[in-house]
file upload_31.pdb (PDB, C-alpha atoms)
ATOM      1  CA  MET A 647      97.498  99.687  57.279
ATOM      2  CA  ILE A 648      96.777 103.109  58.771
ATOM      3  CA  THR A 649      93.071 103.390  59.547
ATOM      4  CA  THR A 650      92.941 106.476  61.766
ATOM      5  CA  SER A 651      92.184 109.931  60.439
ATOM      6  CA  THR A 652      95.260 111.772  59.183
ATOM      7  CA  HIS A 653      96.080 115.455  59.217
ATOM      8  CA  MET A 654      96.214 115.315  55.415
ATOM      9  CA  GLU A 655      92.632 114.079  55.261
ATOM     10  CA  ASN A 656      91.330 116.703  57.662
ATOM     11  CA  GLU A 657      93.213 119.463  55.872
ATOM     12  CA  LEU A 658      92.193 118.524  52.352
ATOM     13  CA  ARG A 659      88.552 118.286  53.408
ATOM     14  CA  SER A 660      88.640 121.842  54.776
ATOM     15  CA  GLN A 661      89.492 123.394  51.405
ATOM     16  CA  PRO A 662      86.060 124.732  50.405
ATOM     17  CA  GLU A 663      85.984 126.694  53.656
ATOM     18  CA  THR A 664      89.550 128.015  53.362
ATOM     19  CA  TRP A 665      88.988 129.005  49.722
ATOM     20  CA  ALA A 666      85.954 131.045  50.745
ATOM     21  CA  ARG A 667      87.986 132.775  53.465
ATOM     22  CA  ALA A 668      90.750 133.537  50.972
ATOM     23  CA  ALA A 669      88.261 135.008  48.513
ATOM     24  CA  GLU A 670      86.934 137.298  51.248
ATOM     25  CA  LEU A 671      90.484 138.274  52.219
ATOM     26  CA  ALA A 672      91.243 139.183  48.597
ATOM     27  CA  ARG A 673      88.404 141.700  48.704
ATOM     28  CA  THR A 674      89.886 143.504  51.686
ATOM     29  CA  THR A 675      93.640 143.490  51.010
ATOM     30  CA  ASP A 676      95.591 145.749  48.683
ATOM     31  CA  VAL A 677      98.956 144.073  49.304
ATOM     32  CA  LEU A 678      99.196 142.019  46.107
ATOM     33  CA  PRO A 679     100.735 143.704  43.033
ATOM     34  CA  GLN A 680      98.646 146.280  41.239
ATOM     35  CA  ARG A 681      97.606 145.988  37.607
ATOM     36  CA  GLY A 682     100.403 146.917  35.246
ATOM     37  CA  ALA A 683     103.208 145.882  37.579
ATOM     38  CA  ARG A 684     105.913 143.594  36.215
ATOM     39  CA  VAL A 685     106.012 140.708  38.680
ATOM     40  CA  ALA A 686     107.993 137.557  39.454
ATOM     41  CA  VAL A 687     106.346 134.843  41.567
ATOM     42  CA  VAL A 688     108.649 132.431  43.373
ATOM     43  CA  GLY A 689     108.319 129.331  45.511
ATOM     44  CA  CYS A 690     109.762 125.882  46.108
ATOM     45  CA  GLY A 691     108.128 122.531  45.421
ATOM     46  CA  THR A 692     104.362 122.848  45.652
ATOM     47  CA  SER A 693     104.611 126.631  45.952
ATOM     48  CA  TRP A 694     106.528 126.809  42.674
ATOM     49  CA  PHE A 695     103.711 124.991  40.869
ATOM     50  CA  ILE A 696     101.123 127.346  42.368
ATOM     51  CA  ALA A 697     103.352 130.247  41.300
ATOM     52  CA  GLN A 698     103.183 128.925  37.724
ATOM     53  CA  ALA A 699      99.386 128.882  37.841
ATOM     54  CA  TYR A 700      99.178 132.409  39.264
ATOM     55  CA  ALA A 701     101.680 133.784  36.758
ATOM     56  CA  THR A 702      99.649 132.474  33.832
ATOM     57  CA  LEU A 703      96.354 133.702  35.276
ATOM     58  CA  ARG A 704      97.715 137.161  36.089
ATOM     59  CA  GLU A 705      99.290 137.692  32.708
ATOM     60  CA  ARG A 706      96.298 136.374  30.755
ATOM     61  CA  SER A 707      93.974 138.615  32.751
ATOM     62  CA  GLY A 708      95.886 141.642  31.462
ATOM     63  CA  ALA A 709      97.289 142.534  34.891
ATOM     64  CA  GLY A 710     100.863 142.646  33.643
ATOM     65  CA  VAL A 711     103.922 140.636  32.707
ATOM     66  CA  THR A 712     104.299 137.830  35.265
ATOM     67  CA  ASP A 713     106.996 135.171  35.455
ATOM     68  CA  ALA A 714     107.279 132.172  37.795
ATOM     69  CA  PHE A 715     110.540 130.751  39.093
ATOM     70  CA  ALA A 716     111.783 128.203  41.556
ATOM     71  CA  ALA A 717     113.256 130.453  44.251
ATOM     72  CA  SER A 718     116.708 128.959  43.720
ATOM     73  CA  GLU A 719     116.589 129.866  40.007
ATOM     74  CA  MET A 720     115.337 133.449  40.188
ATOM     75  CA  PRO A 721     117.473 135.459  37.718
ATOM     76  CA  ASP A 722     118.891 138.910  38.347
ATOM     77  CA  ARG A 723     116.244 140.718  36.364
ATOM     78  CA  ASP A 724     114.299 143.900  37.006
ATOM     79  CA  TYR A 725     110.779 143.513  38.386
ATOM     80  CA  ASP A 726     108.427 145.914  40.087
ATOM     81  CA  ALA A 727     107.754 143.308  42.764
ATOM     82  CA  ILE A 728     108.444 139.720  43.735
ATOM     83  CA  VAL A 729     105.677 137.584  45.241
ATOM     84  CA  ALA A 730     107.170 134.894  47.487
ATOM     85  CA  LEU A 731     104.835 132.006  48.250
ATOM     86  CA  THR A 732     105.783 129.770  51.184
ATOM     87  CA  ARG A 733     103.771 127.815  53.713
ATOM     88  CA  SER A 734     106.395 127.787  56.483
ATOM     89  CA  GLY A 735     108.370 130.942  55.747
ATOM     90  CA  THR A 736     111.516 129.001  56.672
ATOM     91  CA  THR A 737     112.564 127.549  53.306
ATOM     92  CA  THR A 738     116.231 128.358  52.758
ATOM     93  CA  GLU A 739     116.018 129.348  49.088
ATOM     94  CA  VAL A 740     113.167 131.801  49.681
ATOM     95  CA  LEU A 741     114.944 133.399  52.637
ATOM     96  CA  GLN A 742     118.150 133.745  50.637
ATOM     97  CA  LEU A 743     116.310 135.371  47.746
ATOM     98  CA  ALA A 744     114.532 137.841  50.040
ATOM     99  CA  GLU A 745     117.852 138.801  51.597
ATOM    100  CA  ARG A 746     119.510 139.164  48.180
ATOM    101  CA  VAL A 747     116.969 141.612  46.769
ATOM    102  CA  LYS A 748     116.141 143.497  49.961
ATOM    103  CA  GLY A 749     116.213 147.248  49.344
ATOM    104  CA  ARG A 750     116.267 146.718  45.595
ATOM    105  CA  THR A 751     113.014 144.937  44.685
ATOM    106  CA  PRO A 752     109.933 144.890  46.938
ATOM    107  CA  VAL A 753     109.068 141.390  48.144
ATOM    108  CA  ILE A 754     105.455 140.542  48.971
ATOM    109  CA  GLY A 755     105.027 137.327  50.934
ATOM    110  CA  VAL A 756     102.055 134.990  50.961
ATOM    111  CA  VAL A 757     102.821 132.944  54.051
ATOM    112  CA  GLY A 758     101.087 130.362  56.204
ATOM    113  CA  ASP A 759     103.083 130.913  59.402
ATOM    114  CA  GLU A 760     102.794 134.550  60.417
ATOM    115  CA  THR A 761     105.587 134.139  63.011
ATOM    116  CA  SER A 762     108.143 132.872  60.487
ATOM    117  CA  PRO A 763     111.567 134.492  59.924
ATOM    118  CA  LEU A 764     110.582 135.514  56.398
ATOM    119  CA  ILE A 765     108.113 138.086  57.736
ATOM    120  CA  GLY A 766     110.966 140.340  58.872
ATOM    121  CA  LEU A 767     112.476 140.369  55.379
ATOM    122  CA  LEU A 768     109.292 141.306  53.541
ATOM    123  CA  ASP A 769     108.043 144.670  52.368
ATOM    124  CA  ALA A 770     104.450 143.448  52.736
ATOM    125  CA  ALA A 771     102.684 140.196  53.531
ATOM    126  CA  VAL A 772      99.403 138.358  53.239
ATOM    127  CA  THR A 773      99.257 135.705  55.944
ATOM    128  CA  LEU A 774      97.024 132.646  55.731
ATOM    129  CA  PRO A 775      97.289 131.049  59.196
ATOM    130  CA  PHE A 776      93.844 129.495  58.744
ATOM    131  CA  ALA A 777      95.259 127.465  55.853
ATOM    132  CA  ASP A 778      98.505 126.396  57.526
ATOM    133  CA  GLU A 779      98.979 122.663  57.943
ATOM    134  CA  VAL A 780     100.437 119.970  60.173
ATOM    135  CA  SER A 781     100.915 117.375  57.442
ATOM    136  CA  VAL A 782     104.181 117.455  55.534
ATOM    137  CA  VAL A 783     102.164 116.851  52.352
ATOM    138  CA  GLN A 784     100.629 120.192  51.359
ATOM    139  CA  THR A 785      97.000 120.359  50.307
ATOM    140  CA  ARG A 786      94.962 123.305  51.548
ATOM    141  CA  PHE A 787      97.682 125.953  51.888
ATOM    142  CA  ALA A 788      98.615 125.681  48.225
ATOM    143  CA  THR A 789      95.080 125.780  46.890
ATOM    144  CA  THR A 790      94.018 128.492  49.341
ATOM    145  CA  ALA A 791      96.862 130.699  48.156
ATOM    146  CA  LEU A 792      95.722 130.117  44.583
ATOM    147  CA  ALA A 793      92.159 130.936  45.614
ATOM    148  CA  LEU A 794      93.472 134.225  47.012
ATOM    149  CA  PHE A 795      95.287 134.968  43.756
ATOM    150  CA  ARG A 796      92.313 134.086  41.574
ATOM    151  CA  ALA A 797      89.934 136.200  43.644
ATOM    152  CA  SER A 798      92.400 139.112  43.552
ATOM    153  CA  LEU A 799      92.181 138.981  39.747
ATOM    154  CA  GLY A 800      88.409 139.334  39.916
ATOM    155  CA  GLU A 801      87.344 135.698  39.592
ATOM    156  CA  ASP A 802      84.180 134.434  41.264
ATOM    157  CA  LEU A 803      85.251 131.327  43.182
ATOM    158  CA  ALA A 804      81.751 130.128  44.040
ATOM    159  CA  PRO A 805      81.671 127.561  41.184
ATOM    160  CA  ALA A 806      85.117 126.210  42.128
ATOM    161  CA  ILE A 807      84.087 125.940  45.786
ATOM    162  CA  ALA A 808      80.923 124.064  44.832
ATOM    163  CA  ASP A 809      82.962 121.707  42.643
ATOM    164  CA  ALA A 810      85.375 121.081  45.517
ATOM    165  CA  GLU A 811      82.531 120.262  47.879
ATOM    166  CA  ARG A 812      81.301 117.640  45.418
ATOM    167  CA  ALA A 813      84.827 116.305  44.904
ATOM    168  CA  ILE A 814      85.165 115.770  48.652
ATOM    169  CA  ALA A 815      81.749 114.147  49.033
ATOM    170  CA  GLU A 816      81.897 111.747  46.079
ATOM    171  CA  ASP A 817      82.893 108.093  46.383
ATOM    172  CA  LEU A 818      86.284 107.281  44.901
ATOM    173  CA  ASP A 819      86.370 104.758  42.082
ATOM    174  CA  PRO A 820      88.433 101.789  43.359
ATOM    175  CA  ASP A 821      89.866 101.235  39.874
ATOM    176  CA  LEU A 822      91.131 104.828  39.821
ATOM    177  CA  VAL A 823      92.782 104.369  43.205
ATOM    178  CA  ALA A 824      94.371 101.053  42.186
ATOM    179  CA  ALA A 825      95.915 102.178  38.883
ATOM    180  CA  GLU A 826      99.508 101.263  38.134
ATOM    181  CA  GLN A 827     100.604 104.685  36.896
ATOM    182  CA  TYR A 828      99.245 108.234  36.470
ATOM    183  CA  THR A 829     100.075 110.986  34.011
ATOM    184  CA  PHE A 830      98.478 114.384  34.637
ATOM    185  CA  VAL A 831      97.980 116.738  31.692
ATOM    186  CA  ALA A 832      96.593 120.255  31.418
ATOM    187  CA  GLY A 833      96.721 123.490  29.470
ATOM    188  CA  GLY A 834      97.173 127.132  30.463
ATOM    189  CA  TRP A 835      97.118 127.965  34.159
ATOM    190  CA  ALA A 836      96.146 124.402  35.086
ATOM    191  CA  ILE A 837      99.549 123.056  33.984
ATOM    192  CA  GLY A 838     100.931 124.047  37.379
ATOM    193  CA  LEU A 839      98.122 122.074  39.018
ATOM    194  CA  ALA A 840      98.917 119.018  36.902
ATOM    195  CA  HIS A 841     102.505 119.187  38.141
ATOM    196  CA  GLU A 842     101.232 119.582  41.700
ATOM    197  CA  ALA A 843      98.885 116.593  41.381
ATOM    198  CA  ALA A 844     101.764 114.411  40.261
ATOM    199  CA  LEU A 845     103.881 115.644  43.165
ATOM    200  CA  LYS A 846     101.103 114.832  45.645
ATOM    201  CA  MET A 847     100.875 111.275  44.356
ATOM    202  CA  ARG A 848     104.626 110.798  44.630
ATOM    203  CA  GLU A 849     104.912 112.354  48.086
ATOM    204  CA  ALA A 850     101.932 110.754  49.777
ATOM    205  CA  SER A 851     101.832 107.298  48.181
ATOM    206  CA  GLN A 852     105.211 106.768  46.485
ATOM    207  CA  SER A 853     103.350 106.310  43.201
ATOM    208  CA  TRP A 854     104.740 106.461  39.682
ATOM    209  CA  THR A 855     103.432 109.739  38.289
ATOM    210  CA  GLU A 856     104.311 112.186  35.529
ATOM    211  CA  SER A 857     102.881 115.510  34.330
ATOM    212  CA  TYR A 858     102.975 117.490  31.092
ATOM    213  CA  PRO A 859     101.308 120.297  29.160
ATOM    214  CA  ALA A 860      98.508 118.593  27.271
ATOM    215  CA  MET A 861      99.818 119.527  23.840
ATOM    216  CA  GLU A 862     103.206 118.010  24.715
ATOM    217  CA  TYR A 863     101.755 114.672  25.802
ATOM    218  CA  ARG A 864     101.721 113.204  22.291
ATOM    219  CA  HIS A 865     105.358 114.227  21.759
ATOM    220  CA  GLY A 866     106.688 111.154  23.542
ATOM    221  CA  PRO A 867     105.013 110.824  26.964
ATOM    222  CA  ILE A 868     101.974 109.000  25.531
ATOM    223  CA  SER A 869     104.288 106.032  25.030
ATOM    224  CA  ILE A 870     103.833 105.257  28.740
ATOM    225  CA  ALA A 871     100.045 104.882  28.398
ATOM    226  CA  ALA A 872      98.767 101.294  28.675
ATOM    227  CA  PRO A 873      95.948  99.261  30.211
ATOM    228  CA  GLY A 874      95.808  99.742  33.968
ATOM    229  CA  ARG A 875      97.316 103.230  33.733
ATOM    230  CA  VAL A 876      95.625 106.636  33.868
ATOM    231  CA  THR A 877      95.933 109.817  31.830
ATOM    232  CA  TRP A 878      94.225 112.413  34.023
ATOM    233  CA  ALA A 879      93.154 115.625  32.281
ATOM    234  CA  PHE A 880      92.675 118.908  34.156
ATOM    235  CA  GLY A 881      90.384 121.241  32.209
ATOM    236  CA  ASP A 882      89.753 121.375  28.478
ATOM    237  CA  MET A 883      91.853 119.126  26.260
ATOM    238  CA  PRO A 884      93.103 119.325  22.665
ATOM    239  CA  ALA A 885      90.845 117.717  20.078
ATOM    240  CA  GLY A 886      91.524 114.023  19.629
ATOM    241  CA  LEU A 887      93.617 113.502  22.753
ATOM    242  CA  ALA A 888      91.001 111.401  24.548
ATOM    243  CA  ASP A 889      90.702 109.129  21.497
ATOM    244  CA  ASP A 890      94.475 108.804  21.263
ATOM    245  CA  VAL A 891      94.643 107.706  24.895
ATOM    246  CA  ALA A 892      91.731 105.303  24.451
ATOM    247  CA  ARG A 893      93.616 103.532  21.675
ATOM    248  CA  THR A 894      96.436 102.768  24.115
ATOM    249  CA  GLY A 895      94.062 101.011  26.498
ATOM    250  CA  ALA A 896      94.779 103.521  29.273
ATOM    251  CA  ARG A 897      92.003 105.234  31.198
ATOM    252  CA  PHE A 898      91.312 108.826  30.200
ATOM    253  CA  GLU A 899      90.085 110.595  33.339
ATOM    254  CA  GLN A 900      88.350 113.934  32.808
ATOM    255  CA  SER A 901      85.776 115.178  35.285
ATOM    256  CA  GLY A 902      84.939 118.597  33.818
ATOM    257  CA  VAL A 903      85.185 120.316  37.209
ATOM    258  CA  ASP A 904      87.281 123.382  38.004
ATOM    259  CA  PRO A 905      90.959 122.329  37.902
ATOM    260  CA  MET A 906      91.444 123.271  41.578
ATOM    261  CA  ALA A 907      88.612 120.913  42.485
ATOM    262  CA  ASP A 908      90.143 118.235  40.268
ATOM    263  CA  LEU A 909      93.353 118.675  42.264
ATOM    264  CA  VAL A 910      91.296 117.926  45.380
ATOM    265  CA  ARG A 911      90.171 114.687  43.701
ATOM    266  CA  ALA A 912      93.801 113.799  43.012
ATOM    267  CA  GLN A 913      94.717 114.579  46.616
ATOM    268  CA  ARG A 914      92.024 112.167  47.769
ATOM    269  CA  VAL A 915      93.313 109.434  45.467
ATOM    270  CA  ALA A 916      96.860 110.000  46.732
ATOM    271  CA  LEU A 917      95.634 109.732  50.320
ATOM    272  CA  ALA A 918      93.638 106.562  49.614
ATOM    273  CA  ARG A 919      96.643 104.956  47.912
ATOM    274  CA  ALA A 920      98.895 105.879  50.837
ATOM    275  CA  LEU A 921      96.542 104.351  53.391
ATOM    276  CA  SER A 922      96.043 101.211  51.306
ATOM    277  CA  ARG A 923      99.822 100.718  51.318
ATOM    278  CA  GLY A 924     100.224 101.296  55.035
ATOM    279  CA  LEU A 925     101.965 104.626  54.513
ATOM    280  CA  ASN A 926     101.597 107.723  56.669
ATOM    281  CA  PRO A 927     101.009 110.687  54.329
ATOM    282  CA  ASP A 928     101.651 113.112  57.189
ATOM    283  CA  GLU A 929     105.269 111.933  57.358
ATOM    284  CA  PRO A 930     106.297 110.841  53.854
ATOM    285  CA  ARG A 931     109.603 109.156  53.171
ATOM    286  CA  ASN A 932     112.679 111.403  52.948
ATOM    287  CA  LEU A 933     110.668 114.628  53.397
ATOM    288  CA  THR A 934     110.289 117.328  56.042
ATOM    289  CA  ARG A 935     107.723 120.114  56.326
ATOM    290  CA  SER A 936     110.273 122.706  55.211
ATOM    291  CA  VAL A 937     113.603 122.353  53.435
ATOM    292  CA  ILE A 938     116.196 124.106  55.590
ATOM    293  CA  LEU A 939     119.708 123.781  54.191
ATOM    294  CA  ASP A 940     122.994 123.947  56.078
ATOM    295  CA  ALA A 941     124.799 127.246  55.725
TER
END

call {"tool": "encode", "arguments": {"input": "upload_31.pdb", "output": "structure tokens"}}
result
Amino acid sequence: MITTSTHMENELRSQPETWARAAELARTTDVLPQRGARVAVVGCGTSWFIAQAYATLRERSGAGVTDAFAASEMPDRDYDAIVALTRSGTTTEVLQLAERVKGRTPVIGVVGDETSPLIGLLDAAVTLPFADEVSVVQTRFATTALALFRASLGEDLAPAIADAERAIAEDLDPDLVAAEQYTFVAGGWAIGLAHEAALKMREASQSWTESYPAMEYRHGPISIAAPGRVTWAFGDMPAGLADDVARTGARFEQSGVDPMADLVRAQRVALARALSRGLNPDEPRNLTRSVILDA
């Protein structure tokens, strides 16, 4: 069993600080798309899920039509700008997309590594080197980018930061850590975070996890709920869902905190499960920090 401190632990615990820095950066940068612009947000893996959250938040705030795509699936469609989210700036699909649209559609990067090859392909960039990470398993870069996006839309992140501080300080329930299976559910912008929570559990601890929009959960996925398993709700839930889960014998986990802070709780559970199984979450099975494909 790994007992030493991991990069993942140190990085996830730094999130309240990096969120505050991102919120301050949002007040001083004018790089992100202006209100009214038609925007596509792209990423891979974790960044794609954060793109989904940002797209929903931006559109619902009235800032303009906003779509989210996996970088490999970006259609040939007219946009005023593309926002490319990538921690490393070396992911093959993002680089290929930036090259494909160069000179035709402005690409704005939100990047962790300010020395990455993507920088030279961008029309503008917001760099977050203070949120970059050593661990293969992303925690703070993803949420810090989302903090930047939320603050750029005029949100006050102080409540979310306070919730995250409590999420980091609280003791983890051993029964929550020891569950057999987890299904994450959410509505609206938090759906992307539910997908990200499930990914974190799979990456770090090789756990059986699923994720769905909350209203879709009763259309089949609830069949997996059973004693010893967890349905974890991010944000407000549809009426009656908690009771439906209770009847299955599964645990319905709903903290009531900001969904980004609830993601921090899920990250902590994923880390605890990894360590209890003797796994190194900084170097998860079959994964590298960036997916770089052969030409």

call {"tool": "residues_around", "arguments": {"input": "upload_31.pdb", "residues": "Ser660 in chain A", "least_positions_apart": "5", "cutoff": "9 Å", "atoms": "all atoms listed in the file", "output": "PyMOL selection string"}}
result
chain A and resi 655+665+777+786

call {"tool": "resolve_selection", "arguments": {"input": "upload_31.pdb", "expression": "the PyMOL selection byres ((chain A and resi 768) around 8)", "output": "PyMOL selection string"}}
result
chain A and resi 744+752-755+764-767+769-771

call {"tool": "write_last_selection", "arguments": {"input": "upload_31.pdb", "atoms": "C-alpha atoms", "output": "PDB file, in the frame of the given file"}}
result
ATOM      1  CA  ALA A 744     114.532 137.841  50.040  1.00  0.00           C
ATOM      2  CA  PRO A 752     109.933 144.890  46.938  1.00  0.00           C
ATOM      3  CA  VAL A 753     109.068 141.390  48.144  1.00  0.00           C
ATOM      4  CA  ILE A 754     105.455 140.542  48.971  1.00  0.00           C
ATOM      5  CA  GLY A 755     105.027 137.327  50.934  1.00  0.00           C
ATOM      6  CA  LEU A 764     110.582 135.514  56.398  1.00  0.00           C
ATOM      7  CA  ILE A 765     108.113 138.086  57.736  1.00  0.00           C
ATOM      8  CA  GLY A 766     110.966 140.340  58.872  1.00  0.00           C
ATOM      9  CA  LEU A 767     112.476 140.369  55.379  1.00  0.00           C
ATOM     10  CA  ASP A 769     108.043 144.670  52.368  1.00  0.00           C
ATOM     11  CA  ALA A 770     104.450 143.448  52.736  1.00  0.00           C
ATOM     12  CA  ALA A 771     102.684 140.196  53.531  1.00  0.00           C
TER      13      ALA A 771
END

call {"tool": "atom_distance", "arguments": {"input": "upload_31.pdb", "atom1": "CA of Tyr858 in chain A", "atom2": "CA of Glu899 in chain A"}}
result
14.8 Å

call {"tool": "closest_residue", "arguments": {"input": "upload_31.pdb", "among": "A:Pro805, A:Leu887, A:Phe795, A:Ala918", "to": "Asp821 in chain A", "atoms": "only C-alpha atoms"}}
result
A:Ala918

call {"tool": "closest_residue", "arguments": {"input": "upload_31.pdb", "among": "A:Ala697, A:Val757, A:Ala666, A:Leu799", "to": "Gly710 in chain A", "atoms": "all atoms listed in the file"}}
result
A:Leu799

call {"tool": "residues_around", "arguments": {"input": "upload_31.pdb", "residues": "Ser734 in chain A", "least_positions_apart": "2", "cutoff": "7 Å", "atoms": "all atoms listed in the file", "output": "ChimeraX atom specification"}}
result
/A:732,736-737,757-759,762,936

call {"tool": "write_last_selection", "arguments": {"input": "upload_31.pdb", "atoms": "C-alpha atoms", "output": "PDB file, keeping the file's coordinate frame"}}
result
ATOM      1  CA  THR A 732     105.783 129.770  51.184  1.00  0.00           C
ATOM      2  CA  THR A 736     111.516 129.001  56.672  1.00  0.00           C
ATOM      3  CA  THR A 737     112.564 127.549  53.306  1.00  0.00           C
ATOM      4  CA  VAL A 757     102.821 132.944  54.051  1.00  0.00           C
ATOM      5  CA  GLY A 758     101.087 130.362  56.204  1.00  0.00           C
ATOM      6  CA  ASP A 759     103.083 130.913  59.402  1.00  0.00           C
ATOM      7  CA  SER A 762     108.143 132.872  60.487  1.00  0.00           C
ATOM      8  CA  SER A 936     110.273 122.706  55.211  1.00  0.00           C
TER       9      SER A 936
END

call {"tool": "resolve_selection", "arguments": {"input": "upload_31.pdb", "expression": "the PyMOL selection byres ((chain A and resi 837-853) around 7)", "output": "mmCIF file with C-alpha atoms, in the frame of the given file"}}
result
data_model
loop_
_atom_site.group_PDB
_atom_site.id
_atom_site.type_symbol
_atom_site.label_atom_id
_atom_site.label_comp_id
_atom_site.auth_asym_id
_atom_site.auth_seq_id
_atom_site.Cartn_x
_atom_site.Cartn_y
_atom_site.Cartn_z
ATOM 1 C CA THR A 692 104.362 122.848 45.652
ATOM 2 C CA PHE A 695 103.711 124.991 40.869
ATOM 3 C CA ILE A 696 101.123 127.346 42.368
ATOM 4 C CA GLN A 698 103.183 128.925 37.724
ATOM 5 C CA ALA A 699 99.386 128.882 37.841
ATOM 6 C CA VAL A 783 102.164 116.851 52.352
ATOM 7 C CA PHE A 830 98.478 114.384 34.637
ATOM 8 C CA VAL A 831 97.980 116.738 31.692
ATOM 9 C CA ALA A 832 96.593 120.255 31.418
ATOM 10 C CA GLY A 833 96.721 123.490 29.470
ATOM 11 C CA GLY A 834 97.173 127.132 30.463
ATOM 12 C CA TRP A 835 97.118 127.965 34.159
ATOM 13 C CA ALA A 836 96.146 124.402 35.086
ATOM 14 C CA TRP A 854 104.740 106.461 39.682
ATOM 15 C CA THR A 855 103.432 109.739 38.289
ATOM 16 C CA GLU A 856 104.311 112.186 35.529
ATOM 17 C CA SER A 857 102.881 115.510 34.330
ATOM 18 C CA PRO A 859 101.308 120.297 29.160
ATOM 19 C CA PHE A 880 92.675 118.908 34.156
ATOM 20 C CA LEU A 909 93.353 118.675 42.264
ATOM 21 C CA ALA A 912 93.801 113.799 43.012
ATOM 22 C CA GLN A 913 94.717 114.579 46.616
ATOM 23 C CA ALA A 916 96.860 110.000 46.732
ATOM 24 C CA LEU A 917 95.634 109.732 50.320
ATOM 25 C CA ARG A 919 96.643 104.956 47.912
ATOM 26 C CA ALA A 920 98.895 105.879 50.837
ATOM 27 C CA LEU A 925 101.965 104.626 54.513
ATOM 28 C CA PRO A 927 101.009 110.687 54.329
ATOM 29 C CA PRO A 930 106.297 110.841 53.854
#

call {"tool": "closest_residue", "arguments": {"input": "upload_31.pdb", "among": "A:Gly800, A:Thr675, A:Asp809, A:Val747", "to": "Gln661 in chain A", "atoms": "all atoms listed in the file"}}
result
A:Asp809

call {"tool": "atom_distance", "arguments": {"input": "upload_31.pdb", "atom1": "CA of Arg911 in chain A", "atom2": "CA of Ile870 in chain A"}}
result
22.3 Å

call {"tool": "closest_residue", "arguments": {"input": "upload_31.pdb", "among": "A:Thr894, A:Asp928, A:Leu731, A:Leu658", "to": "Met906 in chain A", "atoms": "all atoms listed in the file"}}
result
A:Leu658

call {"tool": "residues_around", "arguments": {"input": "upload_31.pdb", "residues": "Leu678 in chain A", "least_positions_apart": "3", "cutoff": "12 Å", "atoms": "only C-alpha atoms", "output": "PyMOL selection string"}}
result
chain A and resi 671-675+681-683+685-687+700+704+709+726-731+752-756+769-773+791+794-799

call {"tool": "atom_distance", "arguments": {"input": "upload_31.pdb", "atom1": "CA of Glu801 in chain A", "atom2": "CA of Ala717 in chain A"}}
result
26.8 Å

call {"tool": "residues_around", "arguments": {"input": "upload_31.pdb", "residues": "Asp904 in chain A", "least_positions_apart": "3", "cutoff": "7 Å", "atoms": "only C-alpha atoms", "output": "number ranges by chain"}}
result
A: 806, 809, 881, 907-908

call {"tool": "closest_residue", "arguments": {"input": "upload_31.pdb", "among": "A:Ser901, A:Met861, A:Ser707, A:Pro867", "to": "Gly886 in chain A", "atoms": "only C-alpha atoms"}}
result
A:Met861

call {"tool": "axis_aligned_box", "arguments": {"input": "upload_31.pdb", "around": "range 815-831 of chain A", "padding_each_side": "3 Å", "output": "AutoDock Vina command-line options"}}
result
--center_x 91.2 --center_y 108.9 --center_z 40.4 --size_x 24.9 --size_y 21.7 --size_z 23.3

call {"tool": "resolve_selection", "arguments": {"input": "upload_31.pdb", "expression": "the PyMOL selection byres ((chain A and resi 892) around 12)", "output": "PDB file with C-alpha atoms, keeping the file's coordinate frame"}}
result
ATOM      1  CA  ILE A 868     101.974 109.000  25.531  1.00  0.00           C
ATOM      2  CA  ALA A 871     100.045 104.882  28.398  1.00  0.00           C
ATOM      3  CA  ALA A 872      98.767 101.294  28.675  1.00  0.00           C
ATOM      4  CA  PRO A 873      95.948  99.261  30.211  1.00  0.00           C
ATOM      5  CA  GLY A 874      95.808  99.742  33.968  1.00  0.00           C
ATOM      6  CA  ARG A 875      97.316 103.230  33.733  1.00  0.00           C
ATOM      7  CA  VAL A 876      95.625 106.636  33.868  1.00  0.00           C
ATOM      8  CA  THR A 877      95.933 109.817  31.830  1.00  0.00           C
ATOM      9  CA  GLY A 886      91.524 114.023  19.629  1.00  0.00           C
ATOM     10  CA  LEU A 887      93.617 113.502  22.753  1.00  0.00           C
ATOM     11  CA  ALA A 888      91.001 111.401  24.548  1.00  0.00           C
ATOM     12  CA  ASP A 889      90.702 109.129  21.497  1.00  0.00           C
ATOM     13  CA  ASP A 890      94.475 108.804  21.263  1.00  0.00           C
ATOM     14  CA  VAL A 891      94.643 107.706  24.895  1.00  0.00           C
ATOM     15  CA  ARG A 893      93.616 103.532  21.675  1.00  0.00           C
ATOM     16  CA  THR A 894      96.436 102.768  24.115  1.00  0.00           C
ATOM     17  CA  GLY A 895      94.062 101.011  26.498  1.00  0.00           C
ATOM     18  CA  ALA A 896      94.779 103.521  29.273  1.00  0.00           C
ATOM     19  CA  ARG A 897      92.003 105.234  31.198  1.00  0.00           C
ATOM     20  CA  PHE A 898      91.312 108.826  30.200  1.00  0.00           C
ATOM     21  CA  GLU A 899      90.085 110.595  33.339  1.00  0.00           C
TER      22      GLU A 899
END

call {"tool": "closest_residue", "arguments": {"input": "upload_31.pdb", "among": "A:Thr751, A:Ser922, A:Glu739, A:Arg706", "to": "Asp722 in chain A", "atoms": "only C-alpha atoms"}}
result
A:Thr751

call {"tool": "residues_near_point", "arguments": {"input": "upload_31.pdb", "point": "(94.7, 116.5, 58.8)", "cutoff": "8 Å", "atoms": "only C-alpha atoms", "output": "PyMOL selection string"}}
result
chain A and resi 651-658+779-781+928
